[in-house]
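Encoded as structure tokens, the structure appears first; notes follow it.
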Amino acid sequence: MAEKSLDDAARLAAFDEFASSVREELAATKARMDELAAAGKVKTATYRQLFAARITLKEIDSRLSERGL
């Protein structure tokens with residue numbers, strides 16, 4: 001086999017790290033959206049891009065949470 005397979009503990013650690021990074025990015029995205037909304041810039045391209053990213057991140061977070069991660 002060409003690739004090394006990770007043991008279960010390493011895989012779980014990798015999933016935990018991934019879940020943590022998704023949640024950090026989600027929080028940062030929400031904060032940036034709040035800043036833009038406070039400045040009245042909810043119709044900007046940046047806000048709309050962040051909105052789309054937030055939806056994606058929320059879906060990923062939801063799926064991770066469903067699986068206890």
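How things are named: the first chain in the structure tokens is A, the next is B, and so on; residues count from 1 in each chain; ligands count from 1 in the order shown.
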What are the closest atom pairs, with distances in Å to one decimal, for each residue of region 2-29 of chain A lying within 12 Å of region 49-54 of chain A, using only C-alpha atoms, rows by chain and rising residue number, as a Markdown table?
```
| residue | atom | partner | partner_atom | distance |
| --- | --- | --- | --- | --- |
| A:Val22 | CA | A:Arg54 | CA | 10.2 |
| A:Arg23 | CA | A:Arg54 | CA | 10.4 |
| A:Glu24 | CA | A:Arg54 | CA | 11.5 |
| A:Glu25 | CA | A:Arg54 | CA | 8.7 |
| A:Leu26 | CA | A:Arg54 | CA | 6.2 |
| A:Ala27 | CA | A:Arg54 | CA | 9.0 |
| A:Ala28 | CA | A:Arg54 | CA | 9.6 |
| A:Thr29 | CA | A:Leu50 | CA | 6.3 |
```
Which of chain A end up as helix (DSSP H, G or I) when DSSP is run on this backbone - answer as a PyMOL selection string? chain A and resi 8-38+45-66
File dump, residues just selected, N, CA and C atoms, as a compact mmCIF listing (two decimals), in the first residue's frame:
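Heads up, here's the output in result34.txt:
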```
# COMPACT_ATOMS: atom_id res chain seq x y z
N ASP A 8 -6.59 4.86 14.60
CA ASP A 8 -7.86 5.46 14.99
C ASP A 8 -7.69 6.73 15.81
N ALA A 9 -6.74 6.75 16.72
CA ALA A 9 -6.52 7.94 17.56
C ALA A 9 -6.07 9.13 16.72
N ALA A 10 -5.20 8.88 15.76
CA ALA A 10 -4.72 9.96 14.89
C ALA A 10 -5.86 10.48 14.00
N ARG A 11 -6.68 9.57 13.53
CA ARG A 11 -7.83 9.98 12.70
C ARG A 11 -8.79 10.83 13.50
N LEU A 12 -9.09 10.41 14.73
CA LEU A 12 -9.99 11.17 15.57
C LEU A 12 -9.41 12.55 15.87
N ALA A 13 -8.12 12.61 16.14
CA ALA A 13 -7.46 13.89 16.39
C ALA A 13 -7.56 14.79 15.17
N ALA A 14 -7.40 14.22 13.99
CA ALA A 14 -7.50 15.00 12.76
C ALA A 14 -8.93 15.53 12.57
N PHE A 15 -9.93 14.69 12.85
CA PHE A 15 -11.32 15.14 12.74
C PHE A 15 -11.62 16.23 13.77
N ASP A 16 -11.12 16.07 14.99
CA ASP A 16 -11.32 17.09 16.01
C ASP A 16 -10.70 18.42 15.61
N GLU A 17 -9.51 18.36 15.03
CA GLU A 17 -8.83 19.57 14.57
C GLU A 17 -9.64 20.23 13.44
N PHE A 18 -10.14 19.41 12.53
CA PHE A 18 -10.96 19.92 11.43
C PHE A 18 -12.22 20.59 11.98
N ALA A 19 -12.90 19.93 12.91
CA ALA A 19 -14.13 20.49 13.49
C ALA A 19 -13.85 21.81 14.18
N SER A 20 -12.75 21.88 14.89
CA SER A 20 -12.38 23.11 15.57
C SER A 20 -12.11 24.24 14.58
N SER A 21 -11.41 23.94 13.51
CA SER A 21 -11.11 24.98 12.52
C SER A 21 -12.37 25.45 11.80
N VAL A 22 -13.31 24.55 11.55
CA VAL A 22 -14.58 24.93 10.93
C VAL A 22 -15.33 25.89 11.85
N ARG A 23 -15.36 25.58 13.14
CA ARG A 23 -16.09 26.43 14.09
C ARG A 23 -15.42 27.78 14.26
N GLU A 24 -14.08 27.82 14.23
CA GLU A 24 -13.37 29.09 14.31
C GLU A 24 -13.66 29.95 13.08
N GLU A 25 -13.64 29.33 11.91
CA GLU A 25 -13.92 30.06 10.68
C GLU A 25 -15.36 30.54 10.65
N LEU A 26 -16.28 29.74 11.14
CA LEU A 26 -17.69 30.13 11.21
C LEU A 26 -17.85 31.35 12.11
N ALA A 27 -17.21 31.35 13.26
CA ALA A 27 -17.29 32.49 14.18
C ALA A 27 -16.70 33.75 13.55
N ALA A 28 -15.56 33.62 12.88
CA ALA A 28 -14.93 34.76 12.23
C ALA A 28 -15.80 35.29 11.10
N THR A 29 -16.43 34.40 10.36
CA THR A 29 -17.31 34.80 9.27
C THR A 29 -18.51 35.57 9.81
N LYS A 30 -19.11 35.06 10.88
CA LYS A 30 -20.25 35.75 11.49
C LYS A 30 -19.85 37.13 12.00
N ALA A 31 -18.68 37.22 12.62
CA ALA A 31 -18.21 38.51 13.14
C ALA A 31 -18.01 39.51 12.01
N ARG A 32 -17.41 39.08 10.92
CA ARG A 32 -17.19 39.98 9.77
C ARG A 32 -18.52 40.41 9.16
N MET A 33 -19.48 39.48 9.09
CA MET A 33 -20.81 39.82 8.57
C MET A 33 -21.47 40.86 9.47
N ASP A 34 -21.33 40.70 10.79
CA ASP A 34 -21.90 41.67 11.73
C ASP A 34 -21.29 43.05 11.54
N GLU A 35 -19.97 43.10 11.30
CA GLU A 35 -19.30 44.38 11.05
C GLU A 35 -19.86 45.05 9.80
N LEU A 36 -20.00 44.27 8.75
CA LEU A 36 -20.53 44.82 7.49
C LEU A 36 -21.98 45.26 7.65
N ALA A 37 -22.77 44.47 8.37
CA ALA A 37 -24.18 44.83 8.59
C ALA A 37 -24.28 46.13 9.38
N ALA A 38 -23.43 46.29 10.39
CA ALA A 38 -23.44 47.50 11.20
C ALA A 38 -23.06 48.72 10.36
N ALA A 45 -20.83 42.66 -2.43
CA ALA A 45 -20.39 41.33 -2.87
C ALA A 45 -19.71 40.58 -1.74
N THR A 46 -18.92 41.30 -0.95
CA THR A 46 -18.23 40.66 0.17
C THR A 46 -19.21 40.05 1.15
N TYR A 47 -20.26 40.80 1.49
CA TYR A 47 -21.26 40.30 2.42
C TYR A 47 -21.94 39.05 1.86
N ARG A 48 -22.26 39.09 0.60
CA ARG A 48 -22.93 37.94 -0.02
C ARG A 48 -22.02 36.72 -0.08
N GLN A 49 -20.74 36.94 -0.32
CA GLN A 49 -19.78 35.83 -0.30
C GLN A 49 -19.68 35.24 1.10
N LEU A 50 -19.63 36.11 2.10
CA LEU A 50 -19.57 35.64 3.48
C LEU A 50 -20.84 34.89 3.85
N PHE A 51 -21.97 35.38 3.37
CA PHE A 51 -23.25 34.71 3.63
C PHE A 51 -23.23 33.29 3.09
N ALA A 52 -22.75 33.13 1.87
CA ALA A 52 -22.67 31.80 1.26
C ALA A 52 -21.70 30.91 2.03
N ALA A 53 -20.56 31.47 2.43
CA ALA A 53 -19.58 30.70 3.20
C ALA A 53 -20.17 30.29 4.54
N ARG A 54 -20.93 31.19 5.17
CA ARG A 54 -21.54 30.88 6.47
C ARG A 54 -22.51 29.71 6.34
N ILE A 55 -23.30 29.70 5.30
CA ILE A 55 -24.25 28.59 5.10
C ILE A 55 -23.50 27.27 4.96
N THR A 56 -22.44 27.27 4.18
CA THR A 56 -21.65 26.06 3.98
C THR A 56 -21.02 25.61 5.29
N LEU A 57 -20.43 26.55 6.02
CA LEU A 57 -19.78 26.21 7.29
C LEU A 57 -20.80 25.71 8.31
N LYS A 58 -21.98 26.30 8.33
CA LYS A 58 -23.02 25.84 9.26
C LYS A 58 -23.44 24.42 8.94
N GLU A 59 -23.53 24.08 7.67
CA GLU A 59 -23.90 22.72 7.26
C GLU A 59 -22.81 21.72 7.68
N ILE A 60 -21.56 22.08 7.46
CA ILE A 60 -20.46 21.21 7.87
C ILE A 60 -20.48 21.03 9.38
N ASP A 61 -20.64 22.13 10.12
CA ASP A 61 -20.69 22.07 11.58
C ASP A 61 -21.84 21.19 12.05
N SER A 62 -22.97 21.32 11.40
CA SER A 62 -24.14 20.52 11.76
C SER A 62 -23.86 19.04 11.58
N ARG A 63 -23.26 18.69 10.46
CA ARG A 63 -22.95 17.28 10.19
C ARG A 63 -21.92 16.74 11.17
N LEU A 64 -20.94 17.56 11.52
CA LEU A 64 -19.94 17.13 12.51
C LEU A 64 -20.60 16.91 13.87
N SER A 65 -21.47 17.83 14.25
CA SER A 65 -22.16 17.74 15.55
C SER A 65 -23.05 16.51 15.62
N GLU A 66 -23.72 16.19 14.52
CA GLU A 66 -24.56 15.00 14.48
C GLU A 66 -23.77 13.73 14.77
```
